Every structure is written in C-alpha cells, then in structure tokens.
file final.cif (mmCIF, C-alpha atoms and all ligand atoms)
data_structure
#
loop_
_atom_site.label_atom_id
_atom_site.label_comp_id
_atom_site.auth_asym_id
_atom_site.auth_seq_id
_atom_site.Cartn_x
_atom_site.Cartn_y
_atom_site.Cartn_z
CA GLY A 744 11.80 3.32 -29.74
CA ALA A 745 9.32 0.53 -30.36
CA LYS A 746 10.59 0.08 -33.91
CA ASP A 747 14.17 -0.61 -32.76
CA TRP A 748 12.89 -2.90 -30.10
CA TRP A 749 10.74 -4.75 -32.60
CA ASN A 750 13.57 -5.11 -35.09
CA GLY A 751 15.59 -6.64 -32.28
CA VAL A 752 13.06 -9.29 -31.35
CA LYS A 753 11.11 -10.15 -34.44
CA GLY A 754 13.58 -12.82 -35.48
CA MET A 755 13.09 -14.60 -32.18
CA GLY A 756 9.85 -16.30 -33.07
CA ILE A 757 6.55 -16.89 -31.42
CA VAL A 758 6.31 -16.70 -27.73
CA MET A 759 3.10 -15.04 -26.87
CA ASP A 760 0.21 -14.01 -29.02
CA SER A 761 -2.93 -15.80 -28.18
CA VAL A 762 -2.66 -17.87 -25.06
CA TRP A 763 -4.92 -20.06 -22.97
CA ILE A 764 -3.84 -19.56 -19.44
CA SER A 765 -4.84 -21.92 -16.70
CA TRP A 766 -2.56 -20.78 -13.95
CA SER A 767 -2.95 -17.71 -11.79
CA ALA A 768 0.23 -15.74 -12.31
CA ILE A 769 3.24 -15.88 -14.56
CA HIS A 770 6.37 -14.55 -12.89
CA LEU A 771 8.60 -12.52 -15.14
CA ILE A 772 12.09 -11.27 -14.62
CA PRO A 773 11.99 -7.48 -14.96
CA SER A 774 13.46 -5.90 -18.09
CA CYS A 775 13.20 -7.17 -21.58
CA HIS A 776 13.76 -10.91 -21.23
CA CYS A 777 10.72 -12.95 -21.16
CA VAL A 778 7.71 -11.82 -23.08
CA ARG A 779 7.96 -11.42 -26.80
CA MET A 780 5.02 -10.95 -29.06
CA ILE A 781 4.45 -11.89 -32.65
CA THR A 782 2.47 -8.78 -33.43
CA GLU A 783 4.15 -5.41 -33.40
CA PRO A 784 3.28 -3.69 -30.12
CA THR A 785 1.60 -0.33 -30.15
CA SER A 786 4.02 2.28 -28.95
CA PHE A 787 2.45 4.44 -26.27
CA SER A 788 4.05 7.76 -25.54
CA ALA A 789 3.73 8.76 -21.92
CA GLU A 790 1.22 11.37 -23.01
CA SER A 791 -1.02 8.94 -24.89
CA TYR A 792 -0.68 6.45 -22.06
CA PHE A 793 -2.04 8.85 -19.45
CA ALA A 794 -4.71 10.09 -21.85
CA THR A 795 -6.10 6.60 -22.39
CA GLN A 796 -5.48 4.59 -19.21
CA PRO A 797 -7.58 5.30 -16.10
CA PRO A 798 -5.92 6.61 -12.92
CA PRO A 799 -6.16 4.52 -9.74
CA ALA A 800 -9.12 5.44 -7.55
CA THR A 801 -6.88 6.52 -4.65
CA LEU A 802 -4.63 8.84 -6.67
CA GLU A 803 -6.17 12.14 -5.58
CA HIS A 804 -6.05 11.13 -1.95
CA ASP A 805 -2.43 9.99 -2.23
CA VAL A 806 -1.39 13.20 -3.95
CA GLN A 807 -2.95 15.22 -1.14
CA ARG A 808 -1.01 13.21 1.45
CA VAL A 809 2.23 13.66 -0.50
CA ARG A 810 1.63 17.41 -0.84
CA GLU A 811 1.05 17.98 2.87
CA TRP A 812 3.93 15.75 3.89
CA THR A 813 6.32 17.38 1.42
CA GLN A 814 5.52 20.84 2.74
CA LYS A 815 6.63 19.69 6.20
CA GLN A 816 9.90 18.32 4.82
CA VAL A 817 10.58 21.55 2.91
CA ALA A 818 9.94 23.55 6.09
CA ALA A 819 12.36 21.30 7.96
CA GLY A 820 14.99 21.74 5.22
CA ARG A 821 15.30 18.01 4.62
CA ARG A 822 16.29 16.24 1.47
CA VAL A 823 13.64 13.83 0.23
CA VAL A 824 14.06 10.52 -1.56
CA LEU A 825 11.37 8.60 -3.40
CA VAL A 826 12.12 4.88 -3.08
CA THR A 827 10.11 2.59 -5.33
CA SER A 828 10.08 -1.07 -4.41
CA GLY A 829 8.59 -4.43 -5.33
CA GLY A 830 7.11 -5.84 -8.53
CA THR A 831 4.30 -4.47 -10.68
CA THR A 832 1.46 -6.63 -11.98
CA VAL A 833 -0.22 -6.62 -15.36
CA PRO A 834 -3.86 -7.68 -14.98
CA LEU A 835 -5.05 -9.85 -17.84
CA GLU A 836 -8.77 -9.26 -17.50
CA LEU A 837 -11.14 -6.64 -16.21
CA ASN A 838 -12.27 -8.74 -13.26
CA VAL A 839 -8.78 -9.71 -12.24
CA VAL A 840 -8.22 -13.34 -11.46
CA ARG A 841 -5.10 -13.77 -13.55
CA PHE A 842 -2.16 -11.43 -13.90
CA LEU A 843 1.50 -11.28 -14.91
CA ASP A 844 3.96 -10.35 -12.21
CA ASN A 845 7.52 -9.09 -12.03
CA PHE A 846 9.83 -10.75 -9.60
CA SER A 847 10.87 -8.70 -6.54
CA ALA A 848 10.41 -9.30 -2.83
CA GLY A 849 11.08 -5.63 -2.12
CA THR A 850 14.27 -6.33 -0.18
CA ARG A 851 16.38 -3.79 -2.06
CA GLY A 852 13.85 -1.00 -1.64
CA ALA A 853 12.91 -1.66 2.00
CA THR A 854 16.54 -2.03 3.10
CA SER A 855 17.64 1.06 1.17
CA ALA A 856 14.83 3.16 2.66
CA GLU A 857 16.19 2.42 6.15
CA TYR A 858 19.69 3.55 5.20
CA PHE A 859 18.34 6.73 3.60
CA LEU A 860 16.47 7.50 6.83
CA LYS A 861 19.65 6.88 8.81
CA ALA A 862 21.44 9.32 6.49
CA GLY A 863 18.89 12.04 7.34
CA TYR A 864 16.71 11.88 4.22
CA ALA A 865 12.94 11.91 4.46
CA VAL A 866 11.56 8.97 2.50
CA ILE A 867 8.50 8.35 0.37
CA PHE A 868 8.34 4.58 0.30
CA MET A 869 6.24 3.63 -2.72
CA HIS A 870 5.88 -0.11 -2.74
CA ARG A 871 3.94 -3.05 -4.04
CA GLN A 872 1.18 -3.96 -1.62
CA PHE A 873 2.41 -6.69 0.78
CA SER A 874 6.04 -6.49 -0.32
CA LEU A 875 8.71 -5.97 2.35
CA GLN A 876 8.72 -2.68 4.25
CA PRO A 877 11.41 -0.83 6.19
CA PHE A 878 11.77 -2.05 9.80
CA SER A 879 9.10 -4.77 9.69
CA ARG A 880 11.24 -6.51 7.03
CA HIS A 881 13.48 -7.76 9.87
CA TYR A 882 10.58 -9.82 11.14
CA SER A 883 9.22 -11.17 7.90
CA HIS A 884 6.81 -14.06 8.40
CA SER A 885 8.92 -16.49 6.38
CA THR A 886 12.48 -15.78 7.55
CA ASN A 887 12.07 -14.52 11.11
CA PRO A 888 8.48 -14.88 12.32
CA PHE A 889 8.02 -12.56 15.27
CA LEU A 890 5.62 -14.88 17.10
CA ASP A 891 8.56 -17.26 17.54
CA PHE A 892 10.41 -14.98 19.87
CA LEU A 893 7.57 -13.81 22.03
CA GLU A 894 7.06 -15.65 25.29
CA ILE A 895 4.04 -15.93 27.55
CA GLU A 896 5.00 -15.44 31.19
CA THR A 897 3.08 -17.92 33.22
CA ASP A 898 3.44 -16.38 36.72
CA GLY A 899 0.51 -17.57 38.71
CA GLY A 900 0.14 -20.64 36.52
CA SER A 901 -1.36 -21.19 33.12
CA SER A 902 -4.76 -20.18 34.44
CA ASN A 903 -3.56 -16.57 35.02
CA PRO A 904 -6.23 -14.54 33.14
CA SER A 905 -3.87 -11.75 32.05
CA PRO A 906 -0.40 -13.22 31.48
CA ARG A 907 2.38 -10.89 30.34
CA ILE A 908 4.14 -11.25 27.04
CA SER A 909 7.89 -10.78 26.80
CA VAL A 910 10.60 -10.95 24.16
CA THR A 911 13.06 -13.84 24.18
CA PRO A 912 16.21 -12.40 25.85
CA GLU A 913 18.58 -13.14 22.96
CA LYS A 914 16.33 -11.25 20.52
CA ARG A 915 15.89 -8.16 22.68
CA ALA A 916 18.89 -6.08 21.64
CA ASP A 917 18.12 -6.39 17.92
CA LEU A 918 14.44 -5.71 18.36
CA LEU A 919 15.14 -2.70 20.54
CA GLU A 920 17.40 -1.20 17.90
CA VAL A 921 14.83 -1.66 15.13
CA LEU A 922 11.98 -0.49 17.34
CA LYS A 923 13.80 2.67 18.44
CA MET A 924 14.40 3.74 14.89
CA TYR A 925 10.88 2.80 13.79
CA LYS A 926 9.36 4.88 16.60
CA ALA A 927 11.70 7.81 15.93
CA VAL A 928 10.75 7.84 12.25
CA HIS A 929 7.07 7.77 13.18
CA ALA A 930 7.47 10.60 15.66
CA ALA A 931 9.43 12.75 13.18
CA GLU A 932 7.05 11.86 10.33
CA THR A 933 9.98 11.37 8.00
CA MET A 934 8.49 8.44 6.11
CA LEU A 935 5.37 8.36 3.98
CA THR A 936 4.17 5.05 2.58
CA LEU A 937 2.27 4.64 -0.70
CA THR A 938 1.19 1.38 -2.27
CA PHE A 939 0.67 0.15 -5.80
CA VAL A 940 -0.30 -3.18 -7.30
CA THR A 941 -0.49 -2.83 -11.07
CA VAL A 942 1.97 -1.22 -13.43
CA ASN A 943 -0.79 1.29 -14.16
CA ASP A 944 -1.01 2.29 -10.48
CA TYR A 945 2.78 2.58 -10.45
CA LEU A 946 3.00 4.85 -13.51
CA TRP A 947 0.27 7.21 -12.33
CA LEU A 948 1.76 7.43 -8.86
CA LEU A 949 5.29 7.94 -10.12
CA ARG A 950 4.22 10.83 -12.30
CA ALA A 951 2.16 12.47 -9.55
CA VAL A 952 4.78 12.05 -6.83
CA SER A 953 7.65 13.32 -8.96
CA GLN A 954 5.60 16.36 -9.95
CA GLU A 955 4.92 17.06 -6.27
CA LEU A 956 8.56 16.57 -5.29
CA SER A 957 9.76 18.84 -8.07
CA THR A 958 9.17 21.72 -5.64
CA LEU A 959 12.24 20.44 -3.76
CA GLY A 960 14.41 20.89 -6.84
CA ARG A 961 17.87 19.42 -6.38
CA LYS A 962 17.07 18.26 -2.89
CA SER A 963 14.91 15.48 -4.32
CA LEU A 964 16.37 12.08 -5.10
CA TYR A 965 14.63 9.26 -6.95
CA TYR A 966 15.67 5.68 -6.28
CA LEU A 967 13.76 3.52 -8.70
CA ALA A 968 14.24 -0.04 -7.48
CA ALA A 969 10.75 -1.37 -8.26
CA ALA A 970 10.67 -4.09 -10.89
CA VAL A 971 8.58 -2.53 -13.61
CA SER A 972 6.87 -4.55 -16.31
CA ASP A 973 7.86 -3.72 -19.88
CA PHE A 974 4.45 -4.65 -21.20
CA PHE A 975 0.89 -3.94 -20.27
CA LEU A 976 -2.55 -4.76 -21.50
CA PRO A 977 -4.43 -1.56 -22.33
CA ARG A 978 -7.83 -1.29 -20.67
CA GLN A 979 -9.41 -1.12 -24.12
CA LYS A 980 -8.01 -4.55 -25.05
CA MET A 981 -9.05 -6.41 -21.92
CA SER A 982 -11.78 -8.89 -22.47
CA GLY A 983 -14.53 -9.00 -19.92
CA LYS A 984 -15.32 -12.65 -20.56
CA GLY A 985 -14.72 -15.53 -22.91
CA SER A 986 -11.31 -16.47 -24.25
CA LEU A 987 -8.18 -14.89 -22.89
CA HIS A 988 -6.49 -13.26 -25.82
CA ILE A 989 -3.38 -11.44 -24.73
CA GLU A 990 -2.06 -8.72 -26.94
CA MET A 991 0.17 -6.49 -24.92
CA ASP A 992 1.69 -3.11 -25.62
CA GLN A 993 4.94 -1.61 -24.52
CA VAL A 994 4.91 0.39 -21.31
CA PRO A 995 5.97 3.95 -22.18
CA LYS A 996 9.54 4.89 -21.30
CA ILE A 997 8.58 7.11 -18.41
CA LEU A 998 12.11 8.06 -17.41
CA LYS A 999 12.30 10.43 -20.37
CA PRO A 1000 9.36 12.70 -19.39
CA MET A 1001 10.40 12.34 -15.76
CA VAL A 1002 13.81 13.86 -16.52
CA ASP A 1003 12.59 16.41 -19.06
CA GLU A 1004 9.28 17.53 -17.60
CA TRP A 1005 8.07 16.13 -14.30
CA THR A 1006 11.09 16.81 -12.12
CA PRO A 1007 13.87 18.38 -14.19
CA ASP A 1008 16.04 19.27 -11.18
CA GLY A 1009 15.77 15.92 -9.41
CA TYR A 1010 18.65 13.47 -9.00
CA ILE A 1011 17.42 10.28 -10.62
CA VAL A 1012 18.84 6.82 -10.03
CA SER A 1013 17.39 3.82 -11.84
CA PHE A 1014 18.15 0.12 -11.51
CA LYS A 1015 18.88 -2.27 -14.32
CA LEU A 1016 18.44 -5.98 -13.72
CA GLU A 1017 20.08 -8.53 -15.98
CA THR A 1018 20.79 -12.24 -15.87
CA ASP A 1019 23.98 -11.82 -17.89
CA THR A 1020 26.58 -9.66 -16.12
CA GLU A 1021 28.18 -8.80 -19.47
CA LEU A 1022 25.07 -6.87 -20.47
CA LEU A 1023 24.91 -4.68 -17.38
CA ILE A 1024 27.26 -1.92 -18.47
CA PRO A 1025 26.13 -1.54 -22.11
CA LYS A 1026 22.47 -1.56 -21.04
CA ALA A 1027 23.09 0.95 -18.27
CA GLN A 1028 24.98 3.25 -20.66
CA ALA A 1029 22.19 3.00 -23.22
CA ALA A 1030 19.63 3.98 -20.55
CA LEU A 1031 21.70 7.00 -19.49
CA GLU A 1032 22.06 8.09 -23.08
CA ARG A 1033 18.40 7.64 -23.81
CA TYR A 1034 16.92 9.27 -20.74
CA GLY A 1035 19.62 11.67 -19.57
CA HIS A 1036 19.27 10.92 -15.85
CA GLN A 1037 22.13 10.74 -13.35
CA VAL A 1038 22.95 7.15 -12.38
CA VAL A 1039 22.07 3.61 -13.39
CA ILE A 1040 22.85 0.90 -10.87
CA GLY A 1041 23.30 -2.40 -12.64
CA ASN A 1042 22.65 -5.63 -10.79
CA ASP A 1043 22.82 -9.25 -11.82
CA LEU A 1044 19.92 -11.38 -10.63
CA HIS A 1045 22.09 -13.94 -8.83
CA GLN A 1046 24.76 -11.59 -7.49
CA ARG A 1047 22.65 -8.59 -6.54
CA LYS A 1048 23.12 -9.03 -2.81
CA PHE A 1049 26.89 -8.69 -3.00
CA GLN A 1050 27.82 -6.75 -6.10
CA VAL A 1051 26.39 -3.88 -8.12
CA VAL A 1052 27.84 -1.45 -10.63
CA PHE A 1053 27.25 2.32 -10.65
CA VAL A 1054 27.27 3.77 -14.15
CA SER A 1055 27.18 7.52 -14.71
CA ARG A 1056 28.33 10.10 -17.22
CA ASN A 1057 31.88 11.32 -16.91
CA ASN A 1058 31.56 14.97 -15.96
CA GLY A 1059 35.11 15.22 -14.63
CA SER A 1060 37.98 17.34 -15.87
CA ASN A 1061 39.08 14.75 -18.42
CA THR A 1062 35.68 14.69 -20.15
CA ARG A 1063 37.15 15.69 -23.47
CA ASP A 1064 39.67 12.90 -23.91
CA GLY A 1065 38.46 10.50 -21.26
CA PRO A 1066 35.65 7.99 -21.44
CA GLN A 1067 32.08 9.19 -21.81
CA PHE A 1068 30.86 7.01 -18.94
CA ILE A 1069 32.37 5.92 -15.71
CA GLU A 1070 31.62 2.67 -13.94
CA ASN A 1071 32.26 1.87 -10.37
CA TRP A 1072 31.80 -1.62 -8.94
CA LEU A 1073 30.69 -1.98 -5.38
CA ARG A 1074 31.34 -5.36 -3.80
CA ILE A 1075 31.01 -6.97 -0.40
CA ASP A 1076 32.01 -10.44 0.80
CA PRO A 1077 29.15 -12.82 -0.18
CA ALA A 1078 29.80 -14.83 2.98
CA LEU A 1079 28.64 -11.85 5.05
CA THR A 1080 25.21 -11.74 3.44
CA HIS A 1081 23.82 -15.08 4.67
CA PRO A 1082 20.57 -14.41 6.55
CA GLY A 1083 21.41 -16.76 9.43
CA LEU A 1084 24.52 -14.82 10.51
CA GLU A 1085 24.69 -12.92 13.77
CA GLN A 1086 26.07 -9.82 12.05
CA ILE A 1087 25.09 -9.61 8.41
CA LYS A 1088 26.34 -6.97 6.01
CA GLU A 1089 23.85 -5.37 3.64
CA ILE A 1090 25.16 -4.00 0.36
CA GLU A 1091 22.46 -1.29 0.50
CA GLU A 1092 24.44 0.34 3.32
CA ASP A 1093 27.30 0.98 0.88
CA ILE A 1094 24.99 1.83 -2.04
CA ILE A 1095 23.28 4.55 -0.02
CA ALA A 1096 26.57 5.91 1.39
CA GLU A 1097 27.87 6.23 -2.17
CA LEU A 1098 24.66 7.86 -3.43
CA VAL A 1099 24.54 10.39 -0.60
CA LYS A 1100 28.09 11.41 -1.53
CA LYS A 1101 27.19 11.68 -5.20
CA HIS A 1102 23.98 13.59 -4.53
CA THR A 1103 25.83 16.06 -2.28
CA ALA A 1104 28.60 16.61 -4.83
CA TRP A 1105 26.00 17.07 -7.57
CA ILE A 1106 24.05 19.67 -5.58
CA GLN A 1107 27.29 21.56 -4.97
CA ALA A 1108 28.36 21.38 -8.61
CA GLN A 1109 24.96 22.54 -9.87
CA THR A 1110 24.85 25.41 -7.40
CA GLN A 1111 28.37 26.42 -8.45
CA ALA A 1112 27.48 26.24 -12.14
CA ASN A 1113 24.45 28.45 -11.58
CA LYS A 1114 26.57 31.07 -9.80
CA SER A 1115 29.19 31.37 -12.53
C1 LIG A 1201 16.10 -4.02 -9.61
O1 LIG A 1201 17.00 -4.29 -10.34
C2 LIG A 1201 16.11 -4.36 -8.12
O2 LIG A 1201 17.40 -4.20 -7.60
C3 LIG A 1201 15.62 -5.83 -7.85
C4 LIG A 1201 15.54 -6.00 -6.34
C5 LIG A 1201 14.26 -6.06 -8.46
C6 LIG A 1201 16.60 -6.84 -8.42
P1 LIG A 1201 14.59 -7.63 -4.50
O3 LIG A 1201 13.35 -6.80 -4.30
O4 LIG A 1201 15.11 -7.30 -6.01
O5 LIG A 1201 15.67 -7.21 -3.54
O6 LIG A 1201 14.30 -9.09 -4.46
N1 LIG A 1201 14.98 -3.46 -10.09
C7 LIG A 1201 14.72 -3.45 -11.51
C8 LIG A 1201 14.31 -2.12 -11.97
C9 LIG A 1201 13.62 -2.14 -13.29
O7 LIG A 1201 12.69 -2.88 -13.54
N2 LIG A 1201 14.11 -1.24 -14.12
C10 LIG A 1201 13.44 -0.94 -15.37
C11 LIG A 1201 14.43 -0.77 -16.45
O8 LIG A 1201 15.63 -0.67 -16.22
C12 LIG A 1201 12.66 0.34 -15.21
S1 LIG A 1201 13.49 1.71 -14.49
O9 LIG A 1201 13.99 -0.77 -17.64
#

call {"tool": "encode", "arguments": {"input": "final.cif", "output": "structure tokens"}}
result
Amino acid sequence: GAKDWWNGVKGMGIVMDSVWISWSAIHLIPSCHCVRMITEPTSFSAESYFATQPPPATLEHDVQRVREWTQKQVAAGRRVVLVTSGGTTVPLELNVVRFLDNFSAGTRGATSAEYFLKAGYAVIFMHRQFSLQPFSRHYSHSTNPFLDFLEIETDGGSSNPSPRISVTPEKRADLLEVLKMYKAVHAAETMLTLTFVTVNDYLWLLRAVSQELSTLGRKSLYYLAAAVSDFFLPRQKMSGKGSLHIEMDQVPKILKPMVDEWTPDGYIVSFKLETDTELLIPKAQAALERYGHQVVIGNDLHQRKFQVVFVSRNNGSNTRDGPQFIENWLRIDPALTHPGLEQIKEIEEDIIAELVKKHTAWIQAQTQANKS
C-alpha cells in the first residue's frame, strides 16, 4: 500500500512539505498526480481513519433520511444507484479559510443521474455542495442562465402592478421536457440528494450510505464519479493558528472495505481519471485487482466528454485461455458534444445504457450461480 506508493514517488523530489500559502485554494487533478510529499505519509487503514477522524455533524440525520427512503424503494421493488459527484476538499486549518480542491464541475455525475432515473433506477445523488445537479444543470448560471429566457409581459403598460412572467417561446419545449421529468421524479420520490464538502464528509457518507444500501443486495449499484482527494490532513495535525505547515496523509483505500464489508453484494463502478490515455487501462486493471469490484471506467481529462473505456474482469467462457481483463471503448462524435448545439449528444447516455445491461446480466448470472 503506502510503502509501494512511497517507493514510487520518493525519487521525484520535493514538492510539498512545509508551505506558506497565500492563495485560497489549490486545484488538483484527482488521482495521484499533483501532490507529493518529502516525508513518508502515514498509512491510514479505513478502520483507523474512522476511529480517529470526526464524523460530519449531519451524518445521523442523513442516515435516517437514507434509511426511510431506501425502505420505500425496496417496497416498490426498484433498483437503487448511488451516484457520487463533484470534487472533495481538504481543509488546511481548523477554521477553514484555505483548502485544497479536486477538479470536477459535477457534470458527469449530474448527467448520469438523469439517465439512471430515465432507466427506472432510484438515485441517491451524493454531491459536492454547489456542484451541478440533475435537471437544474441544464440552466446553470454560467452556460444557460435561466433569467435570460424569462420575459415580463407588459400588458397594461410597464406600470402594471402584477405583470406575468413567461418563457421565451424558443426555449419552451426544452424547458417543458426537463420540468416534466423533474416534477415526476419529485412526485415519485425516486431521488434523494445528499451533500458533502470535504473528503472527510465524503468518506463518512460513503460508508454509511453503502451500509444502508446493502439491504438491497444485488439491486444496488454504486457509480463513483466524485473526484476524491488522495491526501488529507488529519484533524490532529491541523494547526489552529500560526504558520501553515502541511503534512498530509494518504486517504485510505475505501473501495476495499466497501467491496469486502460494507456492501458485499453491490455492483460497484469506479472512475479513473488520467491525463495520459496510455495509463488508463493499466491503472484501471490495477484497481480491479486491488479492490475486486466490478467495473472501472477510465477517462482522459481532455477527452472525457467523448470517449471512455470500460475495464472489467473477463468472466466469460474463455476465462482460462483468454485475457484476464476485457476493455471496451465507448466513443461518440466530439462534434456532437458542443454545448451550443441544438441537439447535443451526451456520452453519459451510452455509459448508463451499457451499465444497465451489465448490471442486469450480472444479477442474472449471480442468481443462476446461487441456484446451481
Ligand atoms: C472522474 O473521473 C469523473 O469522470 C470526472 C468528471 C471528475 C472526470 P466533471 O465533473 O468530471 O464532468 O467535470 N472522477 C474521478 C474519480 C476518482 O477520483 N477516482 C479515485 C480513484 O480512481 C477514487 S475512486 O482513485
């Protein structure tokens, strides 16, 4: 674990040990690229992590909400997916003014959640506070501000005390489609939203939610698209005042206990982000080998909107002689993804269609295996 990691990086030199920081947030690409330390990081097991780091204040309340909501989904016979989305922060001090952040707008997670809902799954959408959310993402303040397509009807002149507000005609059809689905999801209560900010919030929530969803067994799917920091600053090492001395530790590899203990029957899909496409497949295979979950979806930072690769173990009939892993590239025409287009294509539509197929086949295979 930490030893291998350390052997890998110790030749790389000094990047971060003791730092004076005068800016408010450093943005990091998720996964192991950017922060290296000159001191060997303490290796936290998941167990020691949860024994030493404090839970978020809202955890109990969130767990209660998840429990009640899950019971309704079980009663309705629905499959449930946990979608995690957005970046996690690492606060650098107890009274947080400065923090590290992982890059992610939450587009992948918010878009995917919509397609899961369309496919009939109930969704727990666990996201970074203020990152994009299903449905409202279409009217994000920066790309498509909704105030721009509302009109004030001035019947009776501008002095009319109660003018009506209407939607610009050319925007109506799209809005109606989004609104219909949004309202239907609300009415059916098929989406539950949870928020996190720090990597600590994220880890506590992930553990609690997957333990709750374990009651669904194979009907639970985990779609881990949030950009999770590799490093954190243990509460015990945070300085309350004075100089900012950063000595971070490695975030525990939570996928391992998730697969082995928290939700052993769940179908778990994780994302791997790289800036070098060549590394996607070996890194994805290493993750599958290490954690034993079902699928890693590899995506390259600059190509993630139009190509991803699914990597999974080869459980087919040719397992003996054939390759140990199979990889399956999913591509769409990049020209169709430009935000300004009338009809854009979202790769998440195809990702979710593929995952629903895989999840269904896996449930059938597991059920079959249990019978024989
Ligand atoms: C991803 O790779 C996501 O697809 C993106 C989505 C962050 C690229 P946007 O929100 O971006 O659409 O702008 N997530 C990275 C997942 C991650 O951090 N994985 C870790 C790992 O593989 C923990 S499971 O070690």

call {"tool": "residues_near_ligand", "arguments": {"input": "final.cif", "ligand": "ligand LIG 1201 (chain A)", "cutoff": "10 Å", "atoms": "all atoms listed in the file", "output": "mmCIF file with C-alpha atoms, keeping the file's coordinate frame"}}
result
data_model
loop_
_atom_site.group_PDB
_atom_site.id
_atom_site.type_symbol
_atom_site.label_atom_id
_atom_site.label_comp_id
_atom_site.auth_asym_id
_atom_site.auth_seq_id
_atom_site.Cartn_x
_atom_site.Cartn_y
_atom_site.Cartn_z
ATOM 1 C CA ILE A 772 12.090 -11.270 -14.620
ATOM 2 C CA PRO A 773 11.990 -7.480 -14.960
ATOM 3 C CA SER A 774 13.460 -5.900 -18.090
ATOM 4 C CA CYS A 775 13.200 -7.170 -21.580
ATOM 5 C CA THR A 827 10.110 2.590 -5.330
ATOM 6 C CA SER A 828 10.080 -1.070 -4.410
ATOM 7 C CA GLY A 829 8.590 -4.430 -5.330
ATOM 8 C CA GLY A 830 7.110 -5.840 -8.530
ATOM 9 C CA THR A 831 4.300 -4.470 -10.680
ATOM 10 C CA ASN A 845 7.520 -9.090 -12.030
ATOM 11 C CA PHE A 846 9.830 -10.750 -9.600
ATOM 12 C CA SER A 847 10.870 -8.700 -6.540
ATOM 13 C CA ALA A 848 10.410 -9.300 -2.830
ATOM 14 C CA GLY A 849 11.080 -5.630 -2.120
ATOM 15 C CA THR A 850 14.270 -6.330 -0.180
ATOM 16 C CA ARG A 851 16.380 -3.790 -2.060
ATOM 17 C CA GLY A 852 13.850 -1.000 -1.640
ATOM 18 C CA ALA A 853 12.910 -1.660 2.000
ATOM 19 C CA THR A 854 16.540 -2.030 3.100
ATOM 20 C CA SER A 855 17.640 1.060 1.170
ATOM 21 C CA SER A 874 6.040 -6.490 -0.320
ATOM 22 C CA LEU A 875 8.710 -5.970 2.350
ATOM 23 C CA TYR A 966 15.670 5.680 -6.280
ATOM 24 C CA LEU A 967 13.760 3.520 -8.700
ATOM 25 C CA ALA A 968 14.240 -0.040 -7.480
ATOM 26 C CA ALA A 969 10.750 -1.370 -8.260
ATOM 27 C CA ALA A 970 10.670 -4.090 -10.890
ATOM 28 C CA VAL A 971 8.580 -2.530 -13.610
ATOM 29 C CA SER A 972 6.870 -4.550 -16.310
ATOM 30 C CA ASP A 973 7.860 -3.720 -19.880
ATOM 31 C CA VAL A 994 4.910 0.390 -21.310
ATOM 32 C CA LYS A 996 9.540 4.890 -21.300
ATOM 33 C CA ILE A 997 8.580 7.110 -18.410
ATOM 34 C CA LEU A 998 12.110 8.060 -17.410
ATOM 35 C CA VAL A 1012 18.840 6.820 -10.030
ATOM 36 C CA SER A 1013 17.390 3.820 -11.840
ATOM 37 C CA PHE A 1014 18.150 0.120 -11.510
ATOM 38 C CA LYS A 1015 18.880 -2.270 -14.320
ATOM 39 C CA LEU A 1016 18.440 -5.980 -13.720
ATOM 40 C CA GLU A 1017 20.080 -8.530 -15.980
ATOM 41 C CA LYS A 1026 22.470 -1.560 -21.040
ATOM 42 C CA ALA A 1027 23.090 0.950 -18.270
ATOM 43 C CA ALA A 1030 19.630 3.980 -20.550
ATOM 44 C CA VAL A 1039 22.070 3.610 -13.390
ATOM 45 C CA ILE A 1040 22.850 0.900 -10.870
ATOM 46 C CA GLY A 1041 23.300 -2.400 -12.640
ATOM 47 C CA ASN A 1042 22.650 -5.630 -10.790
ATOM 48 C CA ASP A 1043 22.820 -9.250 -11.820
ATOM 49 C CA LEU A 1044 19.920 -11.380 -10.630
ATOM 50 C CA HIS A 1045 22.090 -13.940 -8.830
ATOM 51 C CA GLN A 1046 24.760 -11.590 -7.490
ATOM 52 C CA ARG A 1047 22.650 -8.590 -6.540
ATOM 53 C CA LYS A 1048 23.120 -9.030 -2.810
ATOM 54 C CA VAL A 1051 26.390 -3.880 -8.120
ATOM 55 C CA GLU A 1091 22.460 -1.290 0.500
#

call {"tool": "closest_residue", "arguments": {"input": "final.cif", "among": "A:Ala789, A:Pro877, A:Val866, A:Arg1074", "to": "Lys999 in chain A", "atoms": "only C-alpha atoms"}}
result
A:Ala789

call {"tool": "residues_around", "arguments": {"input": "final.cif", "residues": "Leu835 in chain A", "least_positions_apart": "6", "cutoff": "8 Å", "atoms": "only C-alpha atoms", "output": "JSON, numbers by chain"}}
result
{"A": [841, 842, 843, 976, 981, 987, 989]}

call {"tool": "residues_around", "arguments": {"input": "final.cif", "residues": "His881 in chain A", "least_positions_apart": "5", "cutoff": "10 Å", "atoms": "all atoms listed in the file", "output": "list in words"}}
result
Ala853, Thr854, Leu875, Gln876, Thr886, Asn887, Pro888, Phe889, Asp917, Leu918 and Val921 of chain A

call {"tool": "closest_residue", "arguments": {"input": "final.cif", "among": "A:Ser883, A:Thr941, A:Gln796, A:Gln816", "to": "Val833 in chain A", "atoms": "all atoms listed in the file"}}
result
A:Thr941

call {"tool": "closest_residue", "arguments": {"input": "final.cif", "among": "A:Pro912, A:Pro977, A:Pro1025, A:Gly863", "to": "Phe1068 in chain A", "atoms": "all atoms listed in the file"}}
result
A:Pro1025

call {"tool": "residues_around", "arguments": {"input": "final.cif", "residues": "range 933-936 of chain A", "least_positions_apart": "4", "cutoff": "9 Å", "atoms": "only C-alpha atoms", "output": "ChimeraX atom specification"}}
result
/A:808-809,812,816,823,856,860,863-870,927-929

call {"tool": "residues_around", "arguments": {"input": "final.cif", "residues": "Lys1088 in chain A", "least_positions_apart": "2", "cutoff": "9 Å", "atoms": "all atoms listed in the file", "output": "number ranges by chain"}}
result
A: 1075-1077, 1079-1081, 1086, 1090-1092

call {"tool": "atom_distance", "arguments": {"input": "final.cif", "atom1": "CA of Trp1105 in chain A", "atom2": "CA of Glu955 in chain A"}}
result
21.1 Å

call {"tool": "atom_distance", "arguments": {"input": "final.cif", "atom1": "CA of Val817 in chain A", "atom2": "CA of Ser963 in chain A"}}
result
10.4 Å

call {"tool": "closest_residue", "arguments": {"input": "final.cif", "among": "A:Gly900, A:Pro1007, A:Pro834, A:Pro906", "to": "Val940 in chain A", "atoms": "only C-alpha atoms"}}
result
A:Pro834

call {"tool": "closest_residue", "arguments": {"input": "final.cif", "among": "A:Lys1100, A:Glu1032, A:Leu1084, A:Ile1094", "to": "Phe1053 in chain A", "atoms": "only C-alpha atoms"}}
result
A:Ile1094

call {"tool": "closest_residue", "arguments": {"input": "final.cif", "among": "A:Met991, A:Ala800, A:Ala818, A:Leu946", "to": "Ser786 in chain A", "atoms": "only C-alpha atoms"}}
result
A:Met991

call {"tool": "atom_distance", "arguments": {"input": "final.cif", "atom1": "CA of Arg821 in chain A", "atom2": "CA of Leu948 in chain A"}}
result
21.8 Å
